[in-house]
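For reference, work-v4.cif is printed below; it contains mmCIF, C-alpha atoms and all ligand atoms.
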data_my_file
#
loop_
_atom_site.label_atom_id
_atom_site.label_comp_id
_atom_site.auth_asym_id
_atom_site.auth_seq_id
_atom_site.Cartn_x
_atom_site.Cartn_y
_atom_site.Cartn_z
CA MET A 29 -24.04 -7.99 -2.67
CA LYS A 30 -22.81 -5.09 -4.80
CA LEU A 31 -19.19 -4.54 -5.77
CA THR A 32 -17.93 -1.43 -7.52
CA LEU A 33 -14.57 -1.62 -9.27
CA LEU A 34 -12.92 1.82 -9.46
CA VAL A 35 -10.32 1.94 -12.21
CA GLY A 36 -7.30 4.25 -12.38
CA THR A 37 -5.40 3.72 -15.61
CA MET A 38 -3.20 5.43 -18.16
CA THR A 39 -2.86 2.85 -20.93
CA GLY A 40 -5.75 0.50 -20.16
CA THR A 41 -4.05 -2.37 -18.33
CA ALA A 42 -5.95 -1.80 -15.08
CA GLN A 43 -9.17 -1.57 -17.08
CA LEU A 44 -8.43 -4.95 -18.65
CA VAL A 45 -7.92 -6.42 -15.19
CA ALA A 46 -11.24 -4.97 -14.04
CA GLN A 47 -13.04 -6.36 -17.09
CA GLU A 48 -11.67 -9.84 -16.38
CA LEU A 49 -12.70 -9.62 -12.73
CA GLU A 50 -16.18 -8.40 -13.62
CA LEU A 51 -16.60 -11.30 -16.05
CA ALA A 52 -15.40 -13.81 -13.47
CA TRP A 53 -17.35 -12.44 -10.52
CA ASP A 54 -20.69 -11.06 -11.72
CA ASP A 55 -23.01 -13.99 -11.09
CA GLY A 56 -26.30 -12.66 -9.82
CA GLU A 57 -25.37 -13.13 -6.16
CA LEU A 58 -22.51 -10.68 -6.61
CA ARG A 59 -23.40 -7.71 -8.82
CA VAL A 60 -20.29 -6.06 -10.20
CA GLU A 61 -20.03 -2.64 -11.80
CA THR A 62 -16.85 -1.15 -13.22
CA LEU A 63 -16.34 2.61 -13.21
CA LEU A 64 -13.38 4.44 -14.66
CA MET A 65 -12.30 7.02 -12.10
CA ASP A 66 -12.54 9.84 -14.67
CA LYS A 67 -14.85 12.57 -13.37
CA LEU A 68 -15.68 10.74 -10.14
CA ASP A 69 -15.47 12.50 -6.79
CA SER A 70 -15.50 11.23 -3.23
CA GLY A 71 -19.32 10.98 -3.35
CA VAL A 72 -18.85 7.68 -5.19
CA PHE A 73 -18.17 6.04 -1.81
CA LYS A 74 -21.81 6.65 -0.83
CA ARG A 75 -22.76 3.79 -3.14
CA GLU A 76 -24.11 0.64 -1.60
CA GLY A 77 -21.78 -2.37 -1.27
CA ILE A 78 -18.03 -2.80 -1.31
CA PHE A 79 -15.29 -1.35 -3.48
CA LEU A 80 -12.18 -2.57 -5.22
CA ILE A 81 -9.61 0.00 -6.30
CA VAL A 82 -7.76 -1.20 -9.40
CA THR A 83 -5.09 1.35 -10.21
CA SER A 84 -1.69 1.71 -11.80
CA THR A 85 1.14 4.11 -10.89
CA TYR A 86 2.68 6.89 -12.99
CA GLY A 87 5.09 9.79 -12.89
CA GLN A 88 7.02 9.79 -9.64
CA GLY A 89 4.79 7.34 -7.82
CA ASP A 90 1.60 9.24 -8.65
CA VAL A 91 -1.89 7.99 -9.30
CA PRO A 92 -2.75 7.95 -13.03
CA ASP A 93 -4.19 11.15 -14.55
CA ASN A 94 -7.75 9.80 -14.63
CA ALA A 95 -7.56 9.08 -10.86
CA LYS A 96 -6.20 12.48 -9.80
CA ALA A 97 -9.53 14.29 -9.34
CA LEU A 98 -10.95 11.53 -7.13
CA TYR A 99 -7.75 11.22 -5.11
CA GLU A 100 -7.46 14.99 -4.56
CA ASP A 101 -11.15 15.24 -3.64
CA LEU A 102 -10.71 12.58 -0.94
CA LYS A 103 -7.69 14.47 0.40
CA SER A 104 -9.38 17.87 0.47
CA LYS A 105 -12.95 16.97 1.54
CA ARG A 106 -11.93 14.18 3.94
CA PRO A 107 -15.38 12.54 4.15
CA ASP A 108 -16.10 10.06 6.92
CA LEU A 109 -15.72 6.66 5.21
CA SER A 110 -16.06 4.49 8.30
CA ARG A 111 -18.88 2.54 6.63
CA VAL A 112 -16.77 1.78 3.56
CA ARG A 113 -15.06 -1.56 2.94
CA TYR A 114 -12.59 -1.90 0.12
CA GLY A 115 -9.75 -3.84 -1.46
CA VAL A 116 -6.80 -2.67 -3.55
CA PHE A 117 -5.31 -4.29 -6.63
CA GLY A 118 -2.33 -2.13 -7.57
CA LEU A 119 -0.38 -2.24 -10.82
CA GLY A 120 3.20 -1.10 -11.02
CA ASP A 121 6.68 -2.05 -12.09
CA ARG A 122 9.53 -2.92 -9.72
CA THR A 123 11.93 -1.18 -12.10
CA TYR A 124 10.61 1.93 -10.33
CA ALA A 125 12.07 0.69 -7.07
CA GLU A 126 11.52 3.87 -5.05
CA THR A 127 7.88 4.26 -5.98
CA PHE A 128 6.79 0.70 -6.67
CA ASN A 129 2.99 0.46 -6.65
CA PHE A 130 2.53 3.85 -5.00
CA GLY A 131 -0.74 4.45 -6.90
CA GLY A 132 -2.50 1.67 -5.01
CA LYS A 133 -0.66 2.58 -1.82
CA ARG A 134 -1.82 6.21 -2.01
CA PHE A 135 -5.47 5.15 -2.29
CA ASP A 136 -5.03 2.61 0.49
CA ASP A 137 -3.46 5.22 2.77
CA ILE A 138 -6.10 7.90 2.23
CA LEU A 139 -9.04 5.48 2.50
CA GLY A 140 -7.57 4.11 5.74
CA GLU A 141 -7.07 7.66 7.10
CA LEU A 142 -10.73 8.40 6.38
CA GLY A 143 -11.85 5.39 8.40
CA ALA A 144 -12.56 2.88 5.62
CA GLN A 145 -11.71 -0.75 6.35
CA ARG A 146 -9.65 -2.76 3.92
CA ILE A 147 -10.62 -6.34 3.16
CA GLY A 148 -7.51 -8.54 2.75
CA GLU A 149 -4.02 -7.40 1.86
CA ARG A 150 -3.18 -4.80 -0.76
CA VAL A 151 -2.07 -6.59 -3.94
CA GLN A 152 0.94 -5.35 -5.90
CA HIS A 153 1.29 -6.52 -9.47
CA ASP A 154 4.76 -6.13 -10.95
CA ALA A 155 4.82 -5.57 -14.73
CA SER A 156 8.44 -6.78 -14.86
CA SER A 157 7.61 -10.12 -13.21
CA GLY A 158 6.46 -11.89 -16.37
CA VAL A 159 3.08 -12.67 -14.78
CA LEU A 160 0.16 -11.04 -16.58
CA PRO A 161 -1.86 -8.76 -14.31
CA GLU A 162 -5.15 -10.41 -15.26
CA GLU A 163 -3.66 -13.81 -14.35
CA LYS A 164 -2.52 -12.52 -10.99
CA ALA A 165 -5.94 -10.96 -10.44
CA GLU A 166 -7.72 -14.18 -11.27
CA GLN A 167 -5.54 -16.23 -8.87
CA TRP A 168 -5.94 -13.74 -6.06
CA GLY A 169 -9.56 -12.86 -6.75
CA GLU A 170 -11.29 -16.00 -5.59
CA GLY A 171 -9.90 -15.73 -2.08
CA TRP A 172 -10.64 -12.02 -1.92
CA VAL A 173 -14.29 -12.42 -2.89
CA ALA A 174 -14.69 -15.09 -0.21
CA LEU A 175 -13.19 -12.68 2.36
CA ALA A 176 -15.46 -9.89 1.15
CA LYS A 177 -18.56 -12.05 1.49
CA GLU A 178 -17.52 -13.01 5.03
CA ALA A 179 -16.92 -9.37 5.93
CA ILE A 180 -20.37 -8.38 4.67
CA ALA A 181 -22.07 -11.30 6.43
CA VAL A 182 -20.46 -10.31 9.75
CA SER A 183 -21.46 -6.65 9.43
CA THR A 184 -25.14 -7.21 8.46
C1 LIG A 201 6.01 6.86 -17.55
C2 LIG A 201 5.72 5.73 -16.61
C3 LIG A 201 5.90 5.91 -15.24
C4 LIG A 201 5.65 4.86 -14.33
N1 LIG A 201 5.89 5.05 -13.00
C5 LIG A 201 5.74 4.01 -12.15
C6 LIG A 201 6.06 4.16 -10.76
O1 LIG A 201 6.48 5.22 -10.29
N2 LIG A 201 5.90 3.08 -9.95
C7 LIG A 201 5.43 1.88 -10.40
O2 LIG A 201 5.30 0.94 -9.62
N3 LIG A 201 5.12 1.72 -11.72
C8 LIG A 201 5.26 2.74 -12.60
N4 LIG A 201 4.96 2.57 -13.93
C9 LIG A 201 4.46 1.24 -14.40
C10 LIG A 201 2.93 1.18 -14.62
O3 LIG A 201 2.21 1.47 -13.44
C11 LIG A 201 2.58 -0.24 -15.08
O4 LIG A 201 3.18 -0.46 -16.34
C12 LIG A 201 1.10 -0.51 -15.18
O5 LIG A 201 0.88 -1.88 -15.48
C13 LIG A 201 0.39 0.35 -16.22
O6 LIG A 201 -1.00 0.15 -16.09
P1 LIG A 201 -2.07 1.04 -16.90
O7 LIG A 201 -1.96 0.65 -18.36
O8 LIG A 201 -3.41 0.62 -16.34
O9 LIG A 201 -1.83 2.48 -16.67
C14 LIG A 201 5.19 3.60 -14.83
C15 LIG A 201 5.00 3.43 -16.22
C16 LIG A 201 5.25 4.47 -17.10
C17 LIG A 201 5.06 4.24 -18.59
#
Taking this structure as input, can you express it in the form of structure tokens?
Ligand SMILES: Cc1cc2nc3c(=O)[nH]c(=O)nc-3n(C[C@H](O)[C@H](O)[C@H](O)COP(=O)(O)O)c2cc1C
Amino acid sequence: MKLTLLVGTMTGTAQLVAQELELAWDDGELRVETLLMDKLDSGVFKREGIFLIVTSTYGQGDVPDNAKALYEDLKSKRPDLSRVRYGVFGLGDRTYAETFNFGGKRFDDILGELGAQRIGERVQHDASSGVLPEEKAEQWGEGWVALAKEAIAVST
């Protein structure tokens, strides 16, 4: 099974999370590849396997700068993503109460609108919680991978 981690980040925290997940998960049975969203367009969702969006939130609840081109391309081209299965690990800070974790939410909303099916719940890390994002990812990740494997087994 192939898993592509798509990383939206401004200061590298989401990338660190993705690196930890890739280290923990890539075991031969599951082949993990991490791609920064920079310069990607919606064609990336033609790749084989499943996807995990790992993205932070900036500005007024926006996706990070390196995720903007991909996000806007999804919104304008509106490809049919009904074959796509994905998860979302969002990074944010509850101090931004009105826009908490909107980066992950925006990707979740557009992927859902385009017919993609989410595996599991959308995760929302809170930078003001005192829990490190890579710790939260590790705790959550095991269950998510199991769900993803089930989802793939059912659909093949
Ligand atoms: C200028 C600025 C704006 C931010 N805006 C939001 C926001 O609107 N909502 C939110 O949940 N988090 C917001 N955050 C928090 C970041 O998403 C959070 O710190 C995240 O862990 C950063 O991850 P990154 O290093 O991968 O970009 C903001 C942080 C900064 C510095």
Using the file's own x, y and z axes, so that the box edges lie along x, y and z, what centre and edge lengths in Å (one decimal) does a box around every listed atom of ligand LIG 201 (chain A) get when 6 Å is added on each side? Give it as AutoDock Vina command-line options.
--center_x 1.5 --center_y 2.5 --center_z -14.1 --size_x 21.9 --size_y 20.7 --size_z 21.0
query = ligand LIG 201 (chain A): which residues are within 10 Å, counting all atoms listed in the file, as a PyMOL selection string?
reply = chain A and resi 35-46+82-94+118-133+152-156+160-161
Would you save the residues of that selection, restricted to C-alpha atoms, as a PDB file, in the frame of the given file?
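The result, stored in result-v9.pdb:
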ATOM      1  CA  VAL A  35     -10.320   1.940 -12.210  1.00  0.00           C
ATOM      2  CA  GLY A  36      -7.300   4.250 -12.380  1.00  0.00           C
ATOM      3  CA  THR A  37      -5.400   3.720 -15.610  1.00  0.00           C
ATOM      4  CA  MET A  38      -3.200   5.430 -18.160  1.00  0.00           C
ATOM      5  CA  THR A  39      -2.860   2.850 -20.930  1.00  0.00           C
ATOM      6  CA  GLY A  40      -5.750   0.500 -20.160  1.00  0.00           C
ATOM      7  CA  THR A  41      -4.050  -2.370 -18.330  1.00  0.00           C
ATOM      8  CA  ALA A  42      -5.950  -1.800 -15.080  1.00  0.00           C
ATOM      9  CA  GLN A  43      -9.170  -1.570 -17.080  1.00  0.00           C
ATOM     10  CA  LEU A  44      -8.430  -4.950 -18.650  1.00  0.00           C
ATOM     11  CA  VAL A  45      -7.920  -6.420 -15.190  1.00  0.00           C
ATOM     12  CA  ALA A  46     -11.240  -4.970 -14.040  1.00  0.00           C
ATOM     13  CA  VAL A  82      -7.760  -1.200  -9.400  1.00  0.00           C
ATOM     14  CA  THR A  83      -5.090   1.350 -10.210  1.00  0.00           C
ATOM     15  CA  SER A  84      -1.690   1.710 -11.800  1.00  0.00           C
ATOM     16  CA  THR A  85       1.140   4.110 -10.890  1.00  0.00           C
ATOM     17  CA  TYR A  86       2.680   6.890 -12.990  1.00  0.00           C
ATOM     18  CA  GLY A  87       5.090   9.790 -12.890  1.00  0.00           C
ATOM     19  CA  GLN A  88       7.020   9.790  -9.640  1.00  0.00           C
ATOM     20  CA  GLY A  89       4.790   7.340  -7.820  1.00  0.00           C
ATOM     21  CA  ASP A  90       1.600   9.240  -8.650  1.00  0.00           C
ATOM     22  CA  VAL A  91      -1.890   7.990  -9.300  1.00  0.00           C
ATOM     23  CA  PRO A  92      -2.750   7.950 -13.030  1.00  0.00           C
ATOM     24  CA  ASP A  93      -4.190  11.150 -14.550  1.00  0.00           C
ATOM     25  CA  ASN A  94      -7.750   9.800 -14.630  1.00  0.00           C
ATOM     26  CA  GLY A 118      -2.330  -2.130  -7.570  1.00  0.00           C
ATOM     27  CA  LEU A 119      -0.380  -2.240 -10.820  1.00  0.00           C
ATOM     28  CA  GLY A 120       3.200  -1.100 -11.020  1.00  0.00           C
ATOM     29  CA  ASP A 121       6.680  -2.050 -12.090  1.00  0.00           C
ATOM     30  CA  ARG A 122       9.530  -2.920  -9.720  1.00  0.00           C
ATOM     31  CA  THR A 123      11.930  -1.180 -12.100  1.00  0.00           C
ATOM     32  CA  TYR A 124      10.610   1.930 -10.330  1.00  0.00           C
ATOM     33  CA  ALA A 125      12.070   0.690  -7.070  1.00  0.00           C
ATOM     34  CA  GLU A 126      11.520   3.870  -5.050  1.00  0.00           C
ATOM     35  CA  THR A 127       7.880   4.260  -5.980  1.00  0.00           C
ATOM     36  CA  PHE A 128       6.790   0.700  -6.670  1.00  0.00           C
ATOM     37  CA  ASN A 129       2.990   0.460  -6.650  1.00  0.00           C
ATOM     38  CA  PHE A 130       2.530   3.850  -5.000  1.00  0.00           C
ATOM     39  CA  GLY A 131      -0.740   4.450  -6.900  1.00  0.00           C
ATOM     40  CA  GLY A 132      -2.500   1.670  -5.010  1.00  0.00           C
ATOM     41  CA  LYS A 133      -0.660   2.580  -1.820  1.00  0.00           C
ATOM     42  CA  GLN A 152       0.940  -5.350  -5.900  1.00  0.00           C
ATOM     43  CA  HIS A 153       1.290  -6.520  -9.470  1.00  0.00           C
ATOM     44  CA  ASP A 154       4.760  -6.130 -10.950  1.00  0.00           C
ATOM     45  CA  ALA A 155       4.820  -5.570 -14.730  1.00  0.00           C
ATOM     46  CA  SER A 156       8.440  -6.780 -14.860  1.00  0.00           C
ATOM     47  CA  LEU A 160       0.160 -11.040 -16.580  1.00  0.00           C
ATOM     48  CA  PRO A 161      -1.860  -8.760 -14.310  1.00  0.00           C
TER      49      PRO A 161
END
key: Shell around Gly140 (chain A) at 9 Å using all atoms listed in the file, local window under 5 positions removed, as a list in words   = Leu109, Ser110, Phe135, Gln145 and Arg146 of chain A
ask   = Which one is closest to Glu57 (chain A): A:Lys164, A:Arg113, A:Lys30, A:Arg150? Count only C-alpha atoms.
value = A:Lys30
inquiry  = When you count only C-alpha atoms, which of these residues is closest to Trp172 (chain A): A:Ile147, A:Leu102, A:Met29, A:Ile138?
reply    =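 So, comparing all the options, the nearest one is A:Ile147.
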query = Just how far from CA of Arg111 (chain A) is CA of Trp53 (chain A), in Å to one decimal?
reply = 22.8 Å
inquiry  = If I take CA of Val60 (chain A) and CA of Leu80 (chain A), how far is one from the other in Å, to one decimal?
reply    =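 Going from CA of Val60 (chain A) over to CA of Leu80 (chain A) covers 10.1 Å.
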request  = Kindly indicate which residue among A:Ile180, A:Gly171, A:Lys96, A:Arg106 lies nearest to Leu64 (chain A), using only C-alpha atoms for the distances.
outcome  =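 Residue with the minimum atom-to-atom distance to Leu64 (chain A): A:Lys96.
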query = What is the CA of Met65 (chain A) to CA of Asp137 (chain A) distance in Å?
reply = 17.4 Å
ask   = A:Trp168, A:Phe79, A:Phe117, A:Tyr99: which is nearest Thr62 (chain A), counting all atoms listed in the file?
value = A:Phe79
remark   = Residue with the minimum atom-to-atom distance to Glu50 (chain A), picked from A:Leu31, A:Leu139, A:Ala174, A:Tyr114 with all atoms listed in the file counted, is A:Leu31
Please return region 159-170 of chain A, rebuilt to N, CA, C and O atoms, as an mmCIF file, keeping the file's coordinate frame.
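Wrote rebuild_15.cif, looks like this:
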data_model
loop_
_atom_site.group_PDB
_atom_site.id
_atom_site.type_symbol
_atom_site.label_atom_id
_atom_site.label_comp_id
_atom_site.auth_asym_id
_atom_site.auth_seq_id
_atom_site.Cartn_x
_atom_site.Cartn_y
_atom_site.Cartn_z
ATOM 1 N N VAL A 159 4.454 -12.191 -15.026
ATOM 2 C CA VAL A 159 3.080 -12.670 -14.780
ATOM 3 C C VAL A 159 2.115 -11.600 -15.281
ATOM 4 O O VAL A 159 2.267 -10.421 -14.951
ATOM 5 N N LEU A 160 1.140 -12.012 -16.073
ATOM 6 C CA LEU A 160 0.160 -11.040 -16.580
ATOM 7 C C LEU A 160 -0.720 -10.557 -15.430
ATOM 8 O O LEU A 160 -1.106 -11.349 -14.572
ATOM 9 N N PRO A 161 -1.060 -9.264 -15.423
ATOM 10 C CA PRO A 161 -1.860 -8.760 -14.310
ATOM 11 C C PRO A 161 -3.226 -9.428 -14.195
ATOM 12 O O PRO A 161 -3.712 -9.676 -13.097
ATOM 13 N N GLU A 162 -3.835 -9.767 -15.346
ATOM 14 C CA GLU A 162 -5.150 -10.410 -15.260
ATOM 15 C C GLU A 162 -5.039 -11.829 -14.708
ATOM 16 O O GLU A 162 -5.940 -12.315 -14.043
ATOM 17 N N GLU A 163 -3.869 -12.477 -14.937
ATOM 18 C CA GLU A 163 -3.660 -13.810 -14.350
ATOM 19 C C GLU A 163 -3.507 -13.699 -12.833
ATOM 20 O O GLU A 163 -4.077 -14.465 -12.070
ATOM 21 N N LYS A 164 -2.717 -12.717 -12.427
ATOM 22 C CA LYS A 164 -2.520 -12.520 -10.990
ATOM 23 C C LYS A 164 -3.866 -12.189 -10.313
ATOM 24 O O LYS A 164 -4.181 -12.697 -9.241
ATOM 25 N N ALA A 165 -4.643 -11.365 -11.002
ATOM 26 C CA ALA A 165 -5.940 -10.960 -10.440
ATOM 27 C C ALA A 165 -6.865 -12.167 -10.299
ATOM 28 O O ALA A 165 -7.570 -12.313 -9.300
ATOM 29 N N GLU A 166 -6.841 -13.017 -11.298
ATOM 30 C CA GLU A 166 -7.720 -14.180 -11.270
ATOM 31 C C GLU A 166 -7.344 -15.114 -10.112
ATOM 32 O O GLU A 166 -8.204 -15.588 -9.370
ATOM 33 N N GLN A 167 -6.012 -15.343 -9.951
ATOM 34 C CA GLN A 167 -5.540 -16.230 -8.870
ATOM 35 C C GLN A 167 -5.917 -15.666 -7.503
ATOM 36 O O GLN A 167 -6.386 -16.370 -6.620
ATOM 37 N N TRP A 168 -5.710 -14.371 -7.347
ATOM 38 C CA TRP A 168 -5.940 -13.740 -6.060
ATOM 39 C C TRP A 168 -7.424 -13.545 -5.774
ATOM 40 O O TRP A 168 -7.886 -13.609 -4.638
ATOM 41 N N GLY A 169 -8.187 -13.332 -6.868
ATOM 42 C CA GLY A 169 -9.560 -12.860 -6.750
ATOM 43 C C GLY A 169 -10.501 -13.774 -6.001
ATOM 44 O O GLY A 169 -11.351 -13.310 -5.236
ATOM 45 N N GLU A 170 -10.354 -15.073 -6.206
ATOM 46 C CA GLU A 170 -11.290 -16.000 -5.590
ATOM 47 C C GLU A 170 -11.270 -15.880 -4.070
ATOM 48 O O GLU A 170 -12.307 -15.802 -3.418
#
